[in-house]
Each structure stands twice: as structure tokens, then as C-alpha cells.
Amino acid sequence: MGKASGEGKVIVFLQGPHGPFFYQLSRVLVAAGAEVFKFGFNQGDRAFWREDDTYLPFTGKPENWATEVREVLDDMGVTDIVLYGDTRHVHAEAIKAARDLGITVHCFEEGYLRPYWVTYERGGVNGYSRLVDMSVADMQAEIRDRDLELPDAPARWGDMRHHAFYGALYHGFILFRNRRYKNYRTHRDISVREEFRLHFRRLMAIPLHAAQRRAASLRIRRDGYVYHLALLQLSHDSSIQTHSPLRSMPEFIRLTIEGFAAGAPMHHHLVIKAHPLEDGRLPLRRVTMDTALEFGVSDRVHFVRGGKLAGLMNFARSVVTVNSTAAQQALWRGLPLKALGNSVYRKPEFVSEQTLEEFFADPWKPDARAYRDYRHYLLETSQVMGGFYSAKSRRRLIRGVVDQVLAAQDPYDSLQKENAAPKQQLRVVK
């Protein structure tokens with residue numbers, strides 16, 4: 001990647017993951033010589049940024065943001081912007097302005113190989129990632145001469161308690177101390193008050209939900225039936241709203257159960273697993289059981305709350321999802337996979353193109369060798385070890401990602417450059 005330096009860089013942070021990660025990353029960038037600022041849109045953004053003189057509050061109306069961000073980026077001579085998630089309105093407008101002005105866009109997202117990794121790319125993530133248009137053959141060519149001992153996919157989600165805590169704290173600041181930001185509008189489809197209530201309720205219910213999940217998972221394993229696993233996501237997440245043909249999890253649940261009822265052998269069961277961060281804004285368990293009853297398979301359909309995935313996935317016959325990153329754990333295990341939406345892993349080598357009915361009847365298996373190469377490529381480029389929420393995970397992530405942020409090229413181009421560099425020859429002295 002060459003010498004990593006922040007000299008001459010003017011970096012503006014936008015919204016990040018809940019908690020102190022963005023501020024802590026900024027401190028290292030300042031130490032590298034960069035000027036760093038932060039755009040804030042509410043008191044939750046302000047609370048985790050500890051400097052007044054580098055904080056840029058946006059208190060105007062949402063319809064004025066596109067004009068203001070363009071003017072600020074231009075006037076300040078900004079060279080880079082850093083953000084988490086690339087589809088929310090304030091980020092989408094900032095990305096448009098940055099591209100017009102020749103500004104580098106650094107995108108963070110939950111890891112494609114989560115848990116245990118974070119995604120760092122430039123320009124866009126998920127359906128806007130460069131990975132979408134790359135073939136597996138191209139990736140294999142890039143890593144042909146590179147040796148890497150691939151780590152196993154960890155069995156645990158990661159910093160879930162910390163995630164819930166910072167989510168509740170962030171929305172608490174907005175709910176109770178947001179007087180300065182009267183024009184603030186959340187990018188979610190519910191109010192800040194309801195968002196805070198759901199985060200707080202989920203935090204308090206973690207022990208109860210864990211007990212319920214363990215009991216349900218134990219029954220599934222104990223009964224010994226053949227089962228397919230359907231992975232739910234968050235209906236409001238950008239992966240669903242922007243990168244899939246569906247608009248909600250009830251819609252996905254209905255399609256999945258309908259395909260299962262039509263195609264699966266009579267002795268097969270279907271386990272529908274909620275996302276680990278599901279907050280209860282939709283009655284997914286009731287939707288699941290009502291739909292199963294409608295299609296006459298209520299005795300063969302089971303609903304499990306979020307949490308650890310490995311125990312269920314280890315014994316599954318196949319996996320169905322829209323575009324969940326958890327599907328990568330299915331591919332790592334060589335399980336047949338059906339994905340209904342756009343994603344970085346939707347390659348012909350990995351994802352079945354069968355109809356749901358055909359898939360549940362006789363699922364097509366992925367190319368395990370091709371997936372191993374694909375995973376190797378991601379670990380060499382966009383996947384950085386660590387996490388956003390616990391202190392230990394943040395430290396590890398910052399150590400791994402700061403030089404990538406400062407590098408002249410993005411992780412994919414850096415790998416190509418390394419591969420293209422002439423190999424150093426040893427001169428034999430006689």
C-alpha cells in the first residue's frame with residue numbers, strides 16, 4: 001500500500017455505528033497528520049464526538065442538506081469522507097457531492113464474513129460494492145500465488161450486548177436532549193421514541209430471549225428431523241430496502257413457506273430464524289405460524305429467535321435468505337444456498353438459481369473450492385478483523401484499518417498493485 005500518511009488530507013466523518021468507534025478512529029488519523037471534522041445531525045451524533053471545534057452540526061431542514069454538504073466539502077477542501085452505510089439519505093447525498101468533487105468515499109459496514117470481521121470499502125458497500133461485478137475467476141487470479149491459512153467462521157455473533165447498549169444510549173440522547181436539532185428526521189420508518197423503546201426493551205430482554213432460543217434450538221436438535229433453515233433480516237435494513245426485490249420479512253416468510261409446502265418432502269421441516277438484532281417492531285413469530293397454518297405445514301415449521309447460528313446451521317439441509325451476510329457461514333459449510341436478493345456472494349458458483357419449490361425438493365450444492373478462494377480474496381482485501389462496539393474489538397479494528405483508510409488506493413486496487421509489482425530478484429555475488 002505504500003507509506004500511510006495523513007498529511008494533506010482533510011477528512012470529514014458523517015454518521016457512524018452507534019458508539020465511539022468513529023471518534024477513536026479519528027484520533028489515529030489526526031496522529032497521522034490529517035485534519036479531521038465530523039458532521040452531526042442529532043444529539044446522538046454529538047454525544048460520541050468529544051471536540052467542539054471539529055464538530056459541524058447540521059440543524060437545517062433535510063431538503064437543504066444536498067446543497068449544504070456540497071458547499072461545505074468544496075469550501076473546506078475536503079479530500080475524504082468516512083461513513084457507515086451508504087444508502088441513508090444524508091449519506092447518499094454526500095456521496096453524490098463527493099464524486100462530483102473528486103473526494104474519496106470510505107464506507108464501513110458490518111462484515112461480509114461476520115461475525116468477527118468488519119467491511120471496509122471505497123465508493124459503496126453491499127449492492128454497490130465492487131465485489132458485485134467481480135467474477136470468481138478474477139478473484140482466483142488475484143490470489144493464485146498468495147498463501148493464507150483461512151480462519152474458521154466463529155460461532156458467536158460478537159458484540160451484541162454492546163451493540164444494544166450503544167443503540168439505546170444513542171436514541172436516548174436524541175429523545176431527551178435533541179432540542180438543538182428540531183429539523184432532524186430519522187432515516188428509519190418509526191419515530192425516535194419508538195426506536196429508543198425497542199432498543200431498551202431488547203437490551204432488557206436479552207436473558208429471557210437467550211433462554212427461549214436455547215430451548216427452541218435444543219428441541220430442534222433433539223427431535224432429529226431433517227430441516228431447512230431460513231435466515232431472517234431486519235425489514236428496515238438497506239439490504240432489504242435497496243438491494244432486494246422484497247420489502248419486508250413477512251413477504252419473505254410467505255414466499256419461503258409457500259415454496260417449502262410445495263416442494264419439500266413430507267418428512268422435512270423448516271426452521272425460520274430471526275435476526276440477532278430483531279427488536280420486535282414486527283410480529284414475526286405470529287406471521288410465521290399463521291402463514292404455516294394457511295399452507296398446511298404448521299406442524300413442520302418452527303420459529304427461533306436470533307442469537308448463535310452455528311448450532312442450527314451445522315445440521316441444516318439447506319439455507320434460504322434474501323441477502324443476509326450470515327449466508328456466508330452456510331457457504332463455508334458447503335450447504336446449498338438460495339438467495340432472493342442482490343449481494344456480494346451472489347455468484348453462479350455459490351447460489352442456486354432453482355425456484356424455491358425446486359430448491360426445497362432437491363437443492364443444488366455450491367462449489368466449495370470456489371467459495372474458499374472467494375473467502376480468501378475477501379480476507380485479503382475488504383474484511384478487517386475486529387468490531388465496532390466492544391472496546392477490545394474496536395482497538396483491533398482500528399489497528400487493522402487505519403492504514404487502509406490512509407492508503408492511496410482501495411483494498412482491491414492495492415492487491416492488484418502488489419501482484420503486478422516485479423518480484424525482487426536475489427543477486428548472487430561470486
# chains A, B, ... in the order shown; residues from 1 in each chain; ligands from 1

$ select_by_dssp --residues "range 175-382 of chain A" --states "strand (DSSP E)" --output "number ranges by chain"
A: 226-231, 268-273, 301-304, 319-321, 337-339

$ write_last_selection --atoms "N, CA and C atoms" --output "PDB file, in the first residue's frame"
ATOM      1  N   VAL A 226     -35.024 -33.849   9.597  1.00  0.00           N
ATOM      2  CA  VAL A 226     -34.314 -33.122   8.550  1.00  0.00           C
ATOM      3  C   VAL A 226     -34.937 -31.737   8.447  1.00  0.00           C
ATOM      4  N   TYR A 227     -34.120 -30.691   8.425  1.00  0.00           N
ATOM      5  CA  TYR A 227     -34.710 -29.355   8.346  1.00  0.00           C
ATOM      6  C   TYR A 227     -33.900 -28.420   7.444  1.00  0.00           C
ATOM      7  N   HIS A 228     -34.621 -27.471   6.853  1.00  0.00           N
ATOM      8  CA  HIS A 228     -34.052 -26.380   6.086  1.00  0.00           C
ATOM      9  C   HIS A 228     -34.085 -25.130   6.966  1.00  0.00           C
ATOM     10  N   LEU A 229     -33.138 -24.248   6.779  1.00  0.00           N
ATOM     11  CA  LEU A 229     -33.004 -23.071   7.633  1.00  0.00           C
ATOM     12  C   LEU A 229     -33.241 -21.802   6.813  1.00  0.00           C
ATOM     13  N   ALA A 230     -34.183 -20.975   7.254  1.00  0.00           N
ATOM     14  CA  ALA A 230     -34.456 -19.682   6.619  1.00  0.00           C
ATOM     15  C   ALA A 230     -33.958 -18.574   7.537  1.00  0.00           C
ATOM     16  N   LEU A 231     -33.104 -17.701   7.009  1.00  0.00           N
ATOM     17  CA  LEU A 231     -32.483 -16.634   7.789  1.00  0.00           C
ATOM     18  C   LEU A 231     -33.203 -15.311   7.557  1.00  0.00           C
ATOM     19  N   HIS A 268     -39.537 -33.453   5.860  1.00  0.00           N
ATOM     20  CA  HIS A 268     -38.653 -32.320   6.092  1.00  0.00           C
ATOM     21  C   HIS A 268     -39.367 -31.224   6.877  1.00  0.00           C
ATOM     22  N   HIS A 269     -38.585 -30.472   7.656  1.00  0.00           N
ATOM     23  CA  HIS A 269     -39.110 -29.355   8.424  1.00  0.00           C
ATOM     24  C   HIS A 269     -38.423 -28.065   7.979  1.00  0.00           C
ATOM     25  N   LEU A 270     -38.988 -26.929   8.392  1.00  0.00           N
ATOM     26  CA  LEU A 270     -38.439 -25.607   8.076  1.00  0.00           C
ATOM     27  C   LEU A 270     -38.250 -24.837   9.375  1.00  0.00           C
ATOM     28  N   VAL A 271     -37.030 -24.376   9.619  1.00  0.00           N
ATOM     29  CA  VAL A 271     -36.722 -23.562  10.798  1.00  0.00           C
ATOM     30  C   VAL A 271     -36.496 -22.127  10.325  1.00  0.00           C
ATOM     31  N   ILE A 272     -37.292 -21.212  10.814  1.00  0.00           N
ATOM     32  CA  ILE A 272     -37.164 -19.799  10.472  1.00  0.00           C
ATOM     33  C   ILE A 272     -36.518 -19.082  11.647  1.00  0.00           C
ATOM     34  N   LYS A 273     -35.327 -18.524  11.405  1.00  0.00           N
ATOM     35  CA  LYS A 273     -34.539 -17.923  12.481  1.00  0.00           C
ATOM     36  C   LYS A 273     -34.525 -16.403  12.345  1.00  0.00           C
ATOM     37  N   VAL A 301     -43.091 -26.372  10.721  1.00  0.00           N
ATOM     38  CA  VAL A 301     -42.430 -25.068  10.680  1.00  0.00           C
ATOM     39  C   VAL A 301     -42.162 -24.593  12.101  1.00  0.00           C
ATOM     40  N   HIS A 302     -40.939 -24.106  12.336  1.00  0.00           N
ATOM     41  CA  HIS A 302     -40.520 -23.696  13.676  1.00  0.00           C
ATOM     42  C   HIS A 302     -39.882 -22.304  13.598  1.00  0.00           C
ATOM     43  N   PHE A 303     -40.107 -21.500  14.633  1.00  0.00           N
ATOM     44  CA  PHE A 303     -39.544 -20.146  14.697  1.00  0.00           C
ATOM     45  C   PHE A 303     -38.561 -20.072  15.860  1.00  0.00           C
ATOM     46  N   VAL A 304     -37.363 -19.537  15.577  1.00  0.00           N
ATOM     47  CA  VAL A 304     -36.323 -19.401  16.602  1.00  0.00           C
ATOM     48  C   VAL A 304     -35.865 -17.952  16.641  1.00  0.00           C
ATOM     49  N   VAL A 319     -30.044 -23.670   3.203  1.00  0.00           N
ATOM     50  CA  VAL A 319     -30.288 -22.344   3.775  1.00  0.00           C
ATOM     51  C   VAL A 319     -30.950 -21.458   2.724  1.00  0.00           C
ATOM     52  N   VAL A 320     -31.954 -20.684   3.165  1.00  0.00           N
ATOM     53  CA  VAL A 320     -32.654 -19.730   2.311  1.00  0.00           C
ATOM     54  C   VAL A 320     -32.584 -18.360   2.971  1.00  0.00           C
ATOM     55  N   THR A 321     -32.346 -17.317   2.183  1.00  0.00           N
ATOM     56  CA  THR A 321     -32.308 -15.956   2.709  1.00  0.00           C
ATOM     57  C   THR A 321     -32.640 -14.978   1.594  1.00  0.00           C
ATOM     58  N   LEU A 337     -27.520 -23.092  -0.969  1.00  0.00           N
ATOM     59  CA  LEU A 337     -27.985 -21.756  -0.602  1.00  0.00           C
ATOM     60  C   LEU A 337     -28.888 -21.194  -1.693  1.00  0.00           C
ATOM     61  N   LYS A 338     -30.041 -20.646  -1.268  1.00  0.00           N
ATOM     62  CA  LYS A 338     -30.941 -19.916  -2.142  1.00  0.00           C
ATOM     63  C   LYS A 338     -31.045 -18.491  -1.620  1.00  0.00           C
ATOM     64  N   ALA A 339     -30.692 -17.510  -2.452  1.00  0.00           N
ATOM     65  CA  ALA A 339     -30.740 -16.100  -2.057  1.00  0.00           C
ATOM     66  C   ALA A 339     -31.639 -15.350  -3.036  1.00  0.00           C
TER      67      ALA A 339
END

$ residues_around --residues "Ile398 in chain A" --least-positions-apart "6" --cutoff "9 Å" --atoms "only C-alpha atoms" --output "mmCIF file with C-alpha atoms, in the first residue's frame"
data_model
loop_
_atom_site.group_PDB
_atom_site.id
_atom_site.type_symbol
_atom_site.label_atom_id
_atom_site.label_comp_id
_atom_site.auth_asym_id
_atom_site.auth_seq_id
_atom_site.Cartn_x
_atom_site.Cartn_y
_atom_site.Cartn_z
ATOM 1 C CA PHE A 21 -15.656 3.983 17.066
ATOM 2 C CA GLN A 24 -11.446 6.848 18.217
ATOM 3 C CA LEU A 25 -10.506 6.195 14.587
ATOM 4 C CA VAL A 28 -5.354 7.970 14.992
ATOM 5 C CA GLY A 386 -12.478 -6.531 14.826
#

$ residues_around --residues "Ile11 in chain A" --least-positions-apart "6" --cutoff "12 Å" --atoms "only C-alpha atoms" --output "PDB file with C-alpha atoms, in the first residue's frame"
ATOM      1  CA  PHE A  22     -15.579   6.888  14.610  1.00  0.00           C
ATOM      2  CA  LEU A  25     -10.506   6.195  14.587  1.00  0.00           C
ATOM      3  CA  SER A  26     -10.302   9.953  14.007  1.00  0.00           C
ATOM      4  CA  ARG A  27      -7.725  10.337  16.777  1.00  0.00           C
ATOM      5  CA  LEU A  29      -5.906   9.788  11.685  1.00  0.00           C
ATOM      6  CA  VAL A  30      -5.036  13.088  13.390  1.00  0.00           C
ATOM      7  CA  ALA A  32      -1.014  10.534  11.180  1.00  0.00           C
ATOM      8  CA  GLY A  33      -1.193  14.190  10.147  1.00  0.00           C
ATOM      9  CA  ALA A  34      -4.756  14.539   8.842  1.00  0.00           C
ATOM     10  CA  GLU A  35      -7.242  17.307   9.608  1.00  0.00           C
ATOM     11  CA  VAL A  36     -10.464  15.697  10.801  1.00  0.00           C
ATOM     12  CA  PHE A  37     -14.027  17.005  11.207  1.00  0.00           C
ATOM     13  CA  LYS A  38     -17.393  15.468  11.994  1.00  0.00           C
ATOM     14  CA  PHE A  39     -20.843  16.233  10.567  1.00  0.00           C
ATOM     15  CA  THR A  54     -14.116  19.965  14.834  1.00  0.00           C
ATOM     16  CA  VAL A  72     -19.007  22.620   2.890  1.00  0.00           C
ATOM     17  CA  LEU A  73     -16.988  19.894   1.171  1.00  0.00           C
ATOM     18  CA  MET A  76     -13.118  23.251   3.218  1.00  0.00           C
ATOM     19  CA  GLY A  77     -11.080  21.492   0.553  1.00  0.00           C
ATOM     20  CA  VAL A  78     -12.177  18.100   1.856  1.00  0.00           C
ATOM     21  CA  THR A  79     -10.243  15.156   0.411  1.00  0.00           C
ATOM     22  CA  ASP A  80     -12.061  12.241   2.070  1.00  0.00           C
ATOM     23  CA  ILE A  81     -15.394  11.432   3.716  1.00  0.00           C
ATOM     24  CA  VAL A  82     -15.961   8.483   6.040  1.00  0.00           C
ATOM     25  CA  LEU A  83     -19.377   6.966   6.709  1.00  0.00           C
ATOM     26  CA  ALA A  98     -18.074  13.756  -3.141  1.00  0.00           C
ATOM     27  CA  ILE A 103     -13.429  13.262  -2.980  1.00  0.00           C
ATOM     28  CA  THR A 104     -12.623   9.727  -1.782  1.00  0.00           C
ATOM     29  CA  VAL A 105     -15.549   7.952  -0.099  1.00  0.00           C
ATOM     30  CA  HIS A 106     -14.654   5.487   2.683  1.00  0.00           C
ATOM     31  CA  VAL A 405      -8.022   4.474   5.135  1.00  0.00           C
ATOM     32  CA  LEU A 406      -4.784   6.438   4.643  1.00  0.00           C
TER      33      LEU A 406
END

$ residues_around --residues "Thr67 in chain A" --least-positions-apart "6" --cutoff "10 Å" --atoms "only C-alpha atoms" --output "list in words"
Glu93, Ala94 and Ala97 of chain A

$ write_last_selection --atoms "all heavy atoms" --output "tab-separated table (two decimals), in the first residue's frame"
chain	number	residue	atom	x	y	z
A	93	GLU	N	-26.62	11.60	-0.44
A	93	GLU	CA	-26.38	12.94	-0.98
A	93	GLU	C	-24.92	13.35	-0.84
A	93	GLU	O	-24.35	13.98	-1.74
A	93	GLU	CB	-27.29	13.96	-0.27
A	93	GLU	CG	-28.77	13.79	-0.56
A	93	GLU	CD	-29.11	14.04	-2.02
A	93	GLU	OE1	-28.31	14.68	-2.73
A	93	GLU	OE2	-30.20	13.59	-2.45
A	94	ALA	N	-24.30	12.99	0.28
A	94	ALA	CA	-22.88	13.31	0.48
A	94	ALA	C	-22.01	12.56	-0.53
A	94	ALA	O	-21.02	13.11	-1.04
A	94	ALA	CB	-22.46	12.97	1.90
A	97	ALA	N	-22.18	14.31	-3.91
A	97	ALA	CA	-21.35	15.52	-3.92
A	97	ALA	C	-19.87	15.16	-3.96
A	97	ALA	O	-19.08	15.79	-4.69
A	97	ALA	CB	-21.66	16.37	-2.68

$ atom_distance --atom1 "CA of Gly259 in chain A" --atom2 "CA of Leu331 in chain A"
21.2 Å

$ atom_distance --atom1 "CA of Ile143 in chain A" --atom2 "CA of Ala370 in chain A"
12.0 Å

$ residues_around --residues "Met134 in chain A" --least-positions-apart "3" --cutoff "12 Å" --atoms "only C-alpha atoms" --output "list in words"
Tyr128, Ser129, Arg130, Leu131, Ala137, Asp138, Met139, Gln140, Ala141, Glu142, Ser343, Val344, Tyr345, Arg346, Lys347, Pro348, Tyr374, Tyr377, Leu378 and Tyr412 of chain A

$ atom_distance --atom1 "CA of His275 in chain A" --atom2 "CA of Glu149 in chain A"
29.6 Å

$ residues_around --residues "Ala47 in chain A" --least-positions-apart "3" --cutoff "12 Å" --atoms "only C-alpha atoms" --output "list in words"
His18, Gly19, Pro20, Phe22, Tyr23, Lys38, Gly40, Phe41, Asn42, Gln43, Gly44, Arg50, Glu51, Asp52, Tyr55, Pro57, Tyr166, Leu169, Tyr170, His171, Gly172, Phe173, Ile174, Arg177 and Asn178 of chain A

$ write_last_selection --atoms "N, CA and C atoms" --output "PDB file, in the first residue's frame"
ATOM      1  N   HIS A  18     -23.300   3.193  16.106  1.00  0.00           N
ATOM      2  CA  HIS A  18     -23.542   3.742  17.432  1.00  0.00           C
ATOM      3  C   HIS A  18     -22.321   3.511  18.329  1.00  0.00           C
ATOM      4  N   GLY A  19     -21.931   4.540  19.053  1.00  0.00           N
ATOM      5  CA  GLY A  19     -20.798   4.390  19.953  1.00  0.00           C
ATOM      6  C   GLY A  19     -19.591   5.205  19.535  1.00  0.00           C
ATOM      7  N   PRO A  20     -18.438   4.978  20.164  1.00  0.00           N
ATOM      8  CA  PRO A  20     -17.264   5.838  19.995  1.00  0.00           C
ATOM      9  C   PRO A  20     -16.297   5.439  18.887  1.00  0.00           C
ATOM     10  N   PHE A  22     -16.029   5.865  15.552  1.00  0.00           N
ATOM     11  CA  PHE A  22     -15.579   6.888  14.610  1.00  0.00           C
ATOM     12  C   PHE A  22     -14.668   7.914  15.287  1.00  0.00           C
ATOM     13  N   TYR A  23     -15.014   8.328  16.493  1.00  0.00           N
ATOM     14  CA  TYR A  23     -14.161   9.311  17.166  1.00  0.00           C
ATOM     15  C   TYR A  23     -12.780   8.721  17.458  1.00  0.00           C
ATOM     16  N   LYS A  38     -16.251  16.372  11.868  1.00  0.00           N
ATOM     17  CA  LYS A  38     -17.393  15.468  11.994  1.00  0.00           C
ATOM     18  C   LYS A  38     -18.693  16.210  11.727  1.00  0.00           C
ATOM     19  N   GLY A  40     -22.611  16.257  12.248  1.00  0.00           N
ATOM     20  CA  GLY A  40     -23.587  15.657  13.143  1.00  0.00           C
ATOM     21  C   GLY A  40     -24.988  16.119  12.821  1.00  0.00           C
ATOM     22  N   PHE A  41     -25.966  15.233  13.001  1.00  0.00           N
ATOM     23  CA  PHE A  41     -27.345  15.510  12.615  1.00  0.00           C
ATOM     24  C   PHE A  41     -28.306  15.441  13.798  1.00  0.00           C
ATOM     25  N   ASN A  42     -27.801  15.028  14.957  1.00  0.00           N
ATOM     26  CA  ASN A  42     -28.629  14.918  16.150  1.00  0.00           C
ATOM     27  C   ASN A  42     -27.720  14.832  17.374  1.00  0.00           C
ATOM     28  N   GLN A  43     -28.316  14.834  18.563  1.00  0.00           N
ATOM     29  CA  GLN A  43     -27.521  14.820  19.784  1.00  0.00           C
ATOM     30  C   GLN A  43     -26.829  13.481  20.001  1.00  0.00           C
ATOM     31  N   GLY A  44     -27.353  12.424  19.389  1.00  0.00           N
ATOM     32  CA  GLY A  44     -26.662  11.136  19.473  1.00  0.00           C
ATOM     33  C   GLY A  44     -25.332  11.188  18.751  1.00  0.00           C
ATOM     34  N   ARG A  50     -16.001  14.177  20.889  1.00  0.00           N
ATOM     35  CA  ARG A  50     -15.579  14.893  22.091  1.00  0.00           C
ATOM     36  C   ARG A  50     -14.988  16.272  21.856  1.00  0.00           C
ATOM     37  N   GLU A  51     -14.969  16.738  20.620  1.00  0.00           N
ATOM     38  CA  GLU A  51     -14.353  18.037  20.345  1.00  0.00           C
ATOM     39  C   GLU A  51     -15.364  19.004  19.743  1.00  0.00           C
ATOM     40  N   ASP A  52     -15.451  20.199  20.339  1.00  0.00           N
ATOM     41  CA  ASP A  52     -16.369  21.212  19.831  1.00  0.00           C
ATOM     42  C   ASP A  52     -15.871  21.834  18.534  1.00  0.00           C
ATOM     43  N   TYR A  55     -16.491  19.780  15.279  1.00  0.00           N
ATOM     44  CA  TYR A  55     -17.848  19.251  15.087  1.00  0.00           C
ATOM     45  C   TYR A  55     -18.658  20.220  14.240  1.00  0.00           C
ATOM     46  N   PRO A  57     -22.336  20.843  13.143  1.00  0.00           N
ATOM     47  CA  PRO A  57     -23.751  20.464  13.300  1.00  0.00           C
ATOM     48  C   PRO A  57     -24.580  20.872  12.088  1.00  0.00           C
ATOM     49  N   TYR A 166     -25.279   0.617  23.119  1.00  0.00           N
ATOM     50  CA  TYR A 166     -24.997   1.866  22.416  1.00  0.00           C
ATOM     51  C   TYR A 166     -26.194   2.321  21.584  1.00  0.00           C
ATOM     52  N   LEU A 169     -28.475   3.995  24.088  1.00  0.00           N
ATOM     53  CA  LEU A 169     -27.886   5.257  24.534  1.00  0.00           C
ATOM     54  C   LEU A 169     -27.996   6.325  23.444  1.00  0.00           C
ATOM     55  N   TYR A 170     -27.687   5.961  22.217  1.00  0.00           N
ATOM     56  CA  TYR A 170     -27.742   6.893  21.090  1.00  0.00           C
ATOM     57  C   TYR A 170     -29.150   7.471  20.942  1.00  0.00           C
ATOM     58  N   HIS A 171     -30.144   6.611  20.935  1.00  0.00           N
ATOM     59  CA  HIS A 171     -31.513   7.090  20.748  1.00  0.00           C
ATOM     60  C   HIS A 171     -32.042   7.782  21.998  1.00  0.00           C
ATOM     61  N   GLY A 172     -31.476   7.461  23.159  1.00  0.00           N
ATOM     62  CA  GLY A 172     -31.829   8.197  24.370  1.00  0.00           C
ATOM     63  C   GLY A 172     -31.388   9.649  24.285  1.00  0.00           C
ATOM     64  N   PHE A 173     -30.170   9.894  23.780  1.00  0.00           N
ATOM     65  CA  PHE A 173     -29.700  11.270  23.598  1.00  0.00           C
ATOM     66  C   PHE A 173     -30.619  12.036  22.642  1.00  0.00           C
ATOM     67  N   ILE A 174     -31.046  11.380  21.572  1.00  0.00           N
ATOM     68  CA  ILE A 174     -31.919  12.051  20.608  1.00  0.00           C
ATOM     69  C   ILE A 174     -33.285  12.339  21.223  1.00  0.00           C
ATOM     70  N   ARG A 177     -32.461  14.923  24.562  1.00  0.00           N
ATOM     71  CA  ARG A 177     -31.573  16.079  24.547  1.00  0.00           C
ATOM     72  C   ARG A 177     -31.364  16.643  23.139  1.00  0.00           C
ATOM     73  N   ASN A 178     -32.370  16.530  22.304  1.00  0.00           N
ATOM     74  CA  ASN A 178     -32.199  16.872  20.892  1.00  0.00           C
ATOM     75  C   ASN A 178     -32.761  18.253  20.527  1.00  0.00           C
TER      76      ASN A 178
END

$ closest_residue --among "A:Asn323, A:Asp53, A:Asn314, A:Arg372" --to "Gly127 in chain A" --atoms "only C-alpha atoms"
A:Asn323

$ closest_residue --among "A:Phe315, A:Tyr84, A:Trp49, A:Tyr116" --to "Ser393 in chain A" --atoms "only C-alpha atoms"
A:Tyr116

$ closest_residue --among "A:Val125, A:Val384, A:Leu335, A:Ile257" --to "Trp364 in chain A" --atoms "only C-alpha atoms"
A:Leu335

$ select_by_dssp --residues "range 17-174 of chain A" --states "alpha helix (DSSP H)" --output "PyMOL selection string"
chain A and resi 21-31+43-47+65-75+89-101+136-142+160-174

$ closest_residue --among "A:Ser382, A:Pro245, A:Asp74, A:Asp403" --to "Asp100 in chain A" --atoms "only C-alpha atoms"
A:Asp74

$ closest_residue --among "A:Ser235, A:Asn64, A:Gln383, A:Ser318" --to "Lys365 in chain A" --atoms "only C-alpha atoms"
A:Ser318
